[in-house]
Amino acid sequence: MSLDPSVRDAVLTAVPSLRAFAISLCGNVDRADDLVQETLLRALANIDSFEPGSNMPAWLFTILRNLFRSEYRKRRREVEDAEGTYAQTLKSQPEQSGHVEFQEFREALAKLPADQREALILVGASGFSYEEAADICGCAVGTIKSRVNRARARLADLLSIESTEDFGPDVATRAILTGTTSR
Amino acid sequence: MDTTSSPPAVPRPHGRLGRDVQAKIGNQLRAIYDDIVKEGVPDRFAELLQRLEDKGEKGSRS
């Protein structure tokens, strides 16, 4: 296997974001890093199928997502409660980030269906367009849009985020109060 | 396929989320994500790619 330095650089550049995506899919850093490693090996073994000049991050994300999905399906057969396991893994890893204030958000994110979570992350954090996210997930653009919308709506409900634009000052005050007293 | 998942939750007055709500969710999501991105490339991946590159060079020169 020969690796062109420019290809290596393109892959390396994508690794930090690929890893962040993997961690948000798995909810577990060690498992995510194994998944990234497997993705890199798979990608480099199939580097000939990568079209030079095309979207390297999207290509790598697609491979990682497919690997995760097949592993996820396998695990689901072993452990029925896949979402619950995910939430549990998250709880046992508070050191994952120094930001304790995001714990609540992280737990809410864990409660989303996997489809919605990955769509929201790809579009809202990884910076892919709806079209790219649809390619990565192998579905229609409209499906991605609706998953992202449902993910946002669900998070807003779970986190009791209310719009201060739409509801006026009373609700704004209440949101601030509940925000500070919930800790 | 997942159209059978949870029915629409509490109806919203304007049918969609306010922009401030979307922004708040987006900011928190990116903050968590960017924390990991800032960790950069862990050594194990840099080494893995280096090893593969070395192997490739040796292979093509012999």
# chains A, B, ... in the order shown; residues from 1 in each chain; ligands from 1
>>> residues_around(residues="Val148 in chain A", least_positions_apart="5", cutoff="9 Å", atoms="only C-alpha atoms", output="ChimeraX atom specification")
/A:116-121,123-124,143,153
>>> closest_atom_pairs(of="chain A", to="chain B", cutoff="9 Å", atoms="only C-alpha atoms", output="Markdown table")
| residue | atom | partner | partner_atom | distance |
| --- | --- | --- | --- | --- |
| A:Met1 | CA | B:Gly56 | CA | 5.2 |
| A:Ser2 | CA | B:Gly56 | CA | 3.6 |
| A:Leu3 | CA | B:Glu53 | CA | 5.0 |
| A:Asp4 | CA | B:Glu53 | CA | 7.4 |
| A:Pro5 | CA | B:Glu53 | CA | 7.6 |
| A:Arg8 | CA | B:Leu49 | CA | 6.9 |
| A:Val11 | CA | B:Leu49 | CA | 8.8 |
| A:Leu12 | CA | B:Val41 | CA | 7.1 |
| A:Thr13 | CA | B:Val41 | CA | 8.2 |
| A:Val15 | CA | B:Val41 | CA | 6.2 |
| A:Pro16 | CA | B:Val37 | CA | 4.7 |
| A:Ser17 | CA | B:Val37 | CA | 5.4 |
| A:Leu18 | CA | B:Val37 | CA | 8.5 |
| A:Arg19 | CA | B:Val37 | CA | 7.4 |
| A:Ala20 | CA | B:Ile36 | CA | 5.4 |
| A:Phe21 | CA | B:Tyr33 | CA | 7.7 |
| A:Ile23 | CA | B:Ile36 | CA | 8.4 |
| A:Ser24 | CA | B:Tyr33 | CA | 7.9 |
| A:Val36 | CA | B:Phe45 | CA | 8.5 |
| A:Gln37 | CA | B:Phe45 | CA | 7.0 |
| A:Leu40 | CA | B:Phe45 | CA | 8.3 |
| A:Leu41 | CA | B:Leu48 | CA | 8.8 |
| A:Leu44 | CA | B:Leu52 | CA | 8.6 |
| A:Gln96 | CA | B:Ile36 | CA | 8.9 |
| A:Ser97 | CA | B:Asp35 | CA | 7.1 |
| A:Gly98 | CA | B:Asp35 | CA | 8.7 |
| A:His99 | CA | B:Ile32 | CA | 8.1 |
| A:Phe102 | CA | B:Gln28 | CA | 7.2 |
| A:Phe105 | CA | B:Gln28 | CA | 7.3 |
| A:Arg106 | CA | B:Ile32 | CA | 8.3 |
| A:Leu109 | CA | B:Leu29 | CA | 8.9 |
| A:Pro113 | CA | B:Ser5 | CA | 8.6 |
| A:Asp115 | CA | B:Asp2 | CA | 8.4 |
| A:Leu120 | CA | B:Leu29 | CA | 8.9 |
| A:Ile121 | CA | B:Leu29 | CA | 7.5 |
| A:Gly124 | CA | B:Gly26 | CA | 6.1 |
| A:Ala125 | CA | B:Arg30 | CA | 5.0 |
| A:Ser126 | CA | B:Tyr33 | CA | 7.9 |
| A:Asn149 | CA | B:Arg16 | CA | 8.4 |
| A:Arg150 | CA | B:Pro8 | CA | 8.5 |
| A:Arg152 | CA | B:Gln22 | CA | 7.0 |
| A:Ala153 | CA | B:Leu17 | CA | 6.8 |
| A:Arg154 | CA | B:Ala9 | CA | 7.8 |
| A:Leu155 | CA | B:Ile25 | CA | 7.6 |
| A:Ala156 | CA | B:Val21 | CA | 7.1 |
| A:Asp157 | CA | B:Ala9 | CA | 8.3 |
| A:Ile161 | CA | B:Val21 | CA | 6.5 |
| A:Glu162 | CA | B:Val21 | CA | 6.6 |
| A:Ser163 | CA | B:Gly18 | CA | 5.5 |
| A:Thr164 | CA | B:Asp20 | CA | 7.3 |
| A:Glu165 | CA | B:Gly18 | CA | 6.8 |
| A:Asp166 | CA | B:Gly18 | CA | 6.9 |
>>> closest_residue(among="A:Lys111, A:Arg42, A:Arg147, A:Lys74", to="Gly27 in chain A", atoms="only C-alpha atoms")
A:Lys111
>>> atom_distance(atom1="CA of Ala108 in chain A", atom2="CA of Leu158 in chain A")
6.2 Å
>>> atom_distance(atom1="CA of Ile63 in chain A", atom2="CA of Ala45 in chain A")
11.8 Å
>>> decode(residues="range 110-157 of chain A", atoms="C-alpha atoms", output="short mmCIF file (atom, residue, chain, number, x, y, z; two decimals), in the first residue's frame")
data_model
loop_
_atom_site.label_atom_id
_atom_site.label_comp_id
_atom_site.auth_asym_id
_atom_site.auth_seq_id
_atom_site.Cartn_x
_atom_site.Cartn_y
_atom_site.Cartn_z
CA ALA A 110 -28.02 10.79 24.23
CA LYS A 111 -31.80 10.49 24.40
CA LEU A 112 -32.26 11.28 20.71
CA PRO A 113 -32.79 8.46 18.21
CA ALA A 114 -29.45 7.62 16.55
CA ASP A 115 -30.68 8.85 13.13
CA GLN A 116 -31.57 12.26 14.48
CA ARG A 117 -28.43 12.60 16.56
CA GLU A 118 -26.08 11.89 13.68
CA ALA A 119 -27.97 14.22 11.31
CA LEU A 120 -27.86 17.05 13.83
CA ILE A 121 -24.14 16.56 14.49
CA LEU A 122 -23.18 16.36 10.81
CA VAL A 123 -25.07 19.54 9.95
CA GLY A 124 -24.88 21.45 13.21
CA ALA A 125 -21.34 20.66 14.35
CA SER A 126 -19.25 19.01 11.62
CA GLY A 127 -20.26 21.75 9.21
CA PHE A 128 -21.51 19.58 6.34
CA SER A 129 -24.23 20.86 4.04
CA TYR A 130 -27.59 19.06 4.03
CA GLU A 131 -26.57 17.53 0.70
CA GLU A 132 -23.27 16.21 2.04
CA ALA A 133 -24.96 14.87 5.17
CA ALA A 134 -27.51 13.09 2.97
CA ASP A 135 -24.68 11.47 0.98
CA ILE A 136 -22.92 10.39 4.16
CA CYS A 137 -26.09 8.85 5.58
CA GLY A 138 -27.27 7.44 2.26
CA CYS A 139 -30.66 9.11 2.40
CA ALA A 140 -32.59 11.97 0.80
CA VAL A 141 -31.85 15.60 1.61
CA GLY A 142 -35.42 16.06 2.86
CA THR A 143 -34.93 13.20 5.31
CA ILE A 144 -31.84 14.88 6.77
CA LYS A 145 -33.70 18.17 7.09
CA SER A 146 -36.59 16.58 8.91
CA ARG A 147 -34.27 14.62 11.22
CA VAL A 148 -32.36 17.79 12.09
CA ASN A 149 -35.60 19.65 12.79
CA ARG A 150 -36.95 16.88 14.96
CA ALA A 151 -33.64 16.62 16.81
CA ARG A 152 -33.68 20.35 17.58
CA ALA A 153 -37.30 20.30 18.67
CA ARG A 154 -36.69 17.33 20.95
CA LEU A 155 -33.60 18.93 22.49
CA ALA A 156 -35.49 22.16 23.09
CA ASP A 157 -38.17 20.17 24.92
#
